[in-house]
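J.: Let me give you the structure first, and then I'll get to my questions.
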Amino acid sequence: MTQEKKTPFSYEDLLESLAEGVIAIDTEMKVCVFNQSAEKLLEVSRSLVVGKPLGEYFRRNPRIAEMLKETLEEGRLFAEYEEKLFRRITGDTIPAGITTSQLFDAEGNLKGAAALIRDLSGIKSLEEGSLRKERLAYLGTFAANLAHEIRNPLSGMRGAAQLLARRIKDPAHSEYLEVITKEADRLNAILNGMLDFAKPAKLRKKPFNIHKALDSVAFLLNEPGSSFIKSYDPSIPEISGDENQLKQVFLNLVKNAKESLSEGGVIHLTTRAITEFHLVEGGSAGRMVSLEIKDNGCGIKPEDMEKIFTPFFTTKHKGSGLGMAITLKIVKEHGGHLKIDSAPGKGTTVTVYLPLA
Ligand SMILES: Nc1ncnc2c1ncn2[C@@H]1O[C@H](COP(=O)(O)OP(=O)(O)OP(=O)(O)O)[C@@H](O)[C@H]1O
Ligand SMILES: [Mg+2]
């Protein structure tokens with residue numbers, strides 16, 4: 001294809017002026033383009049990379065090499081795929097968005113593949129910092145105000161229903177009043193959950209026995225027909241945390257597990273002390289305790305997985321959808337992590353990791 005109009009710069013100039021890093025490989029997987037921004041982002045001089053096999057200089061960034069290979073060989077495309085990039089000189093990592101495409105010549109023959117790398121560190125820190133915090137703080141006050149506003153008229157309604165219940169003799173009518181009272185209580189519980197979620201963290205940490213806390217929660221929820229199988233690691237020392245808030249976490253998770261079960265379902269509660277557990281984010285290492293809550297219930301659909309922490313997301317008739325959101329918030333405030341594995345029809349395993357002092 002010929003260019004109609006002459007540009008005052010070459011394609012080379014264009015490539016070198018882009019803020020995005022550009023890496024291109026030929027069909028032999030050798031690097032043939034590595035622009036200035038790629039040099040800056042990865043902190044590698046192009047003289048070390050160009051003409052060399054792709055794998056060689058991307059040992060510390062294997063995902064880029066894999067993505068380019070998959071794009072070249074299988075035609076798979078990645079769009080703004082978020083990855084952490086390792087930088088050679090400073091040794092730190094930065095978040096990047098990677099987009100790949102196959103390269104064809106004018107006749108439509110496959111000639112290679114290219115990756116466009118966008119530095120997301122500015123965007124990410126903005127998101128994580130001010131913007132997100134501001135939005136959360138705003139949502140928090142909004143939710144708290146709303147909850148307070150609803151609460152007063154609600155307790156008025158509940159009180160009136162109770163007064164009326166004393167005067168009414170017809171059992172059919174008192175049944176209606178019972179519904180009003182019960183539903184008012186349910187609304188009130190939702191409001192409490194909203195307030196819990198919106199409240200800024202105020203942890204009252206002290207050492208406590210995690211197994212006793214778990215037992216008290218299991219006891220609360222143990223009705224006939226459900227069974228718990230406990231397997232506690234006796235070597236776990238007392239953990240330091242806000243006992244009431246962590247009990248709330250256990251309660252939410254065990255309740256979810258119970259609600260997922262059909263008849264004959266079982267819940268396994270397992271604790272372990274883990275040494276050298278590496279947090280995925282942040283990369284810090286330390287001693288942790290893991291608590292596994294495993295059910296053989298209905299499981300979570302893959303498309304619901306990312307929504308379960310969103311406030312008010314629920315698949316239950318009478319759920320508030322706040323349980324998991326509150327759980328994640330409390331666990332994070334304790335410096336912990338959550339992991340969820342689930343298969344529809346098979347069951348769900350939620351693992352809580354909490355740091356040991
Ligand atoms: N162990 C589990 N098994 C199957 N689904 C689960 C499990 N845990 C969570 N979920 C799914 O995640 C959704 C959100 O859970 P969450 O605890 O936040 O709210 P909820 O249980 O619906 O309501 P609430 O906890 O307020 O009673 C649930 O509706 C359910 O679809
Ligand atoms: Mg729940």
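Numbering starts fresh at 1 for the residues of each chain in the structure tokens, the chains themselves are lettered A, B, ... in the order given, and ligands are numbered from 1 as they appear.
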Near Val249 (chain A), within 12 Å and counting only C-alpha atoms, which residues show up once chain neighbours fewer than 6 positions away are dropped, as a ChimeraX atom specification?

T.: /A:210,213-214,217,241-243,255-256,291,293,322-334,336,338,350-354

J.: Could you give me, as CSV, a per-residue list for chain A showing, wherever an atom lies at most 12 Å from an atom of ligand 2, the closest pair of atoms and their distance in Å to one decimal, using only C-alpha atoms and all ligand atoms and sorting by chain then residue number from low to high?

T.:
residue,atom,partner,partner_atom_place_in_ligand_line,distance
A:Ile190,CA,ligand 2,1 (Mg),11.5
A:Gly193,CA,ligand 2,1 (Mg),11.1
A:Gln248,CA,ligand 2,1 (Mg),10.9
A:Val249,CA,ligand 2,1 (Mg),10.1
A:Phe250,CA,ligand 2,1 (Mg),10.7
A:Leu251,CA,ligand 2,1 (Mg),8.8
A:Asn252,CA,ligand 2,1 (Mg),5.4
A:Leu253,CA,ligand 2,1 (Mg),6.8
A:Val254,CA,ligand 2,1 (Mg),8.5
A:Lys255,CA,ligand 2,1 (Mg),6.2
A:Asn256,CA,ligand 2,1 (Mg),4.6
A:Ala257,CA,ligand 2,1 (Mg),8.4
A:Lys258,CA,ligand 2,1 (Mg),9.5
A:Glu259,CA,ligand 2,1 (Mg),8.0
A:Ser260,CA,ligand 2,1 (Mg),9.7
A:Ile308,CA,ligand 2,1 (Mg),9.4
A:Phe309,CA,ligand 2,1 (Mg),10.3
A:Thr310,CA,ligand 2,1 (Mg),11.9
A:Pro311,CA,ligand 2,1 (Mg),10.9
A:Phe312,CA,ligand 2,1 (Mg),10.2
A:Phe313,CA,ligand 2,1 (Mg),9.9
A:Thr314,CA,ligand 2,1 (Mg),8.1
A:Thr315,CA,ligand 2,1 (Mg),9.8
A:Lys316,CA,ligand 2,1 (Mg),8.8
A:His317,CA,ligand 2,1 (Mg),11.5
A:Lys318,CA,ligand 2,1 (Mg),9.9
A:Gly319,CA,ligand 2,1 (Mg),6.7
A:Ser320,CA,ligand 2,1 (Mg),7.5
A:Gly321,CA,ligand 2,1 (Mg),6.3
A:Leu322,CA,ligand 2,1 (Mg),6.8
A:Gly323,CA,ligand 2,1 (Mg),4.3
A:Met324,CA,ligand 2,1 (Mg),6.3
A:Ala325,CA,ligand 2,1 (Mg),9.3
A:Ile326,CA,ligand 2,1 (Mg),9.7
A:Thr327,CA,ligand 2,1 (Mg),9.4
A:Leu328,CA,ligand 2,1 (Mg),12.0

J.: Output C-alpha atoms for every residue in the selection just made, as a compact mmCIF listing (two decimals), in the first residue's frame.

T.:
# COMPACT_ATOMS: atom_id res chain seq x y z
CA ILE A 190 -30.05 -4.84 56.89
CA GLY A 193 -25.26 -4.31 58.17
CA GLN A 248 -18.84 -11.70 62.48
CA VAL A 249 -16.60 -12.91 59.63
CA PHE A 250 -16.86 -16.53 60.75
CA LEU A 251 -20.60 -16.18 61.22
CA ASN A 252 -21.12 -14.73 57.73
CA LEU A 253 -19.04 -17.44 56.08
CA VAL A 254 -20.47 -20.37 58.01
CA LYS A 255 -23.98 -19.02 57.44
CA ASN A 256 -23.35 -18.83 53.70
CA ALA A 257 -21.98 -22.36 53.73
CA LYS A 258 -25.08 -23.57 55.60
CA GLU A 259 -27.44 -21.78 53.28
CA SER A 260 -25.79 -23.41 50.27
CA ILE A 308 -20.12 -11.74 45.53
CA PHE A 309 -18.18 -8.97 47.29
CA THR A 310 -20.35 -6.23 45.83
CA PRO A 311 -22.66 -4.83 48.49
CA PHE A 312 -26.28 -5.94 47.96
CA PHE A 313 -25.41 -8.67 45.47
CA THR A 314 -27.44 -11.71 46.47
CA THR A 315 -28.94 -14.77 44.83
CA LYS A 316 -31.10 -15.50 47.87
CA HIS A 317 -34.72 -14.75 48.39
CA LYS A 318 -34.16 -13.16 51.78
CA GLY A 319 -30.49 -12.22 51.53
CA SER A 320 -29.17 -8.69 52.01
CA GLY A 321 -26.01 -9.30 50.00
CA LEU A 322 -23.90 -7.58 52.63
CA GLY A 323 -22.30 -10.63 54.26
CA MET A 324 -19.34 -11.06 51.92
CA ALA A 325 -18.73 -7.31 51.52
CA ILE A 326 -18.47 -6.90 55.29
CA THR A 327 -16.38 -10.05 55.59
CA LEU A 328 -13.82 -8.88 53.04

J.: Which one is closest to ligand 1: A:Tyr57, A:Phe197, A:Phe86, A:Tyr176? Count only C-alpha atoms and all ligand atoms.

T.: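 When distances to ligand 1 are compared using only C-alpha atoms and all ligand atoms, the smallest one comes from A:Phe197.
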
J.: Could you pull the residues within 10 Å of Glu238 (chain A), counting only C-alpha atoms, minus those fewer than 4 positions along the same chain, as a compact mmCIF listing (two decimals) with N, CA and C atoms, in the first residue's frame?

T.:
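The file below, part.txt, is the result:
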# COMPACT_ATOMS: atom_id res chain seq x y z
N LYS A 206 -7.12 -7.60 70.53
CA LYS A 206 -6.47 -8.24 71.67
C LYS A 206 -6.34 -9.72 71.35
N PRO A 207 -5.45 -10.42 72.03
CA PRO A 207 -5.26 -11.83 71.70
C PRO A 207 -6.50 -12.65 72.06
N PHE A 208 -6.86 -13.57 71.20
CA PHE A 208 -7.96 -14.47 71.55
C PHE A 208 -7.78 -15.81 70.85
N ASN A 209 -8.53 -16.79 71.34
CA ASN A 209 -8.42 -18.15 70.82
C ASN A 209 -9.39 -18.33 69.65
N ILE A 210 -8.82 -18.53 68.48
CA ILE A 210 -9.62 -18.59 67.26
C ILE A 210 -10.56 -19.81 67.28
N HIS A 211 -10.13 -20.90 67.91
CA HIS A 211 -10.96 -22.11 67.93
C HIS A 211 -12.19 -21.94 68.80
N LEU A 356 -0.39 -13.90 62.01
CA LEU A 356 -0.11 -14.17 63.41
C LEU A 356 0.85 -13.08 63.88
N ALA A 357 0.64 -12.61 65.10
CA ALA A 357 1.48 -11.50 65.57
C ALA A 357 2.95 -11.87 65.50

J.: For each of A:Ala79, A:Ala198, A:Ala184, A:Leu85, take the minimum atom-to-atom distance to Leu116 (chain A), counting only C-alpha atoms, then give the residue where this is smallest.

T.: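 Nearest to Leu116 (chain A): A:Ala79.
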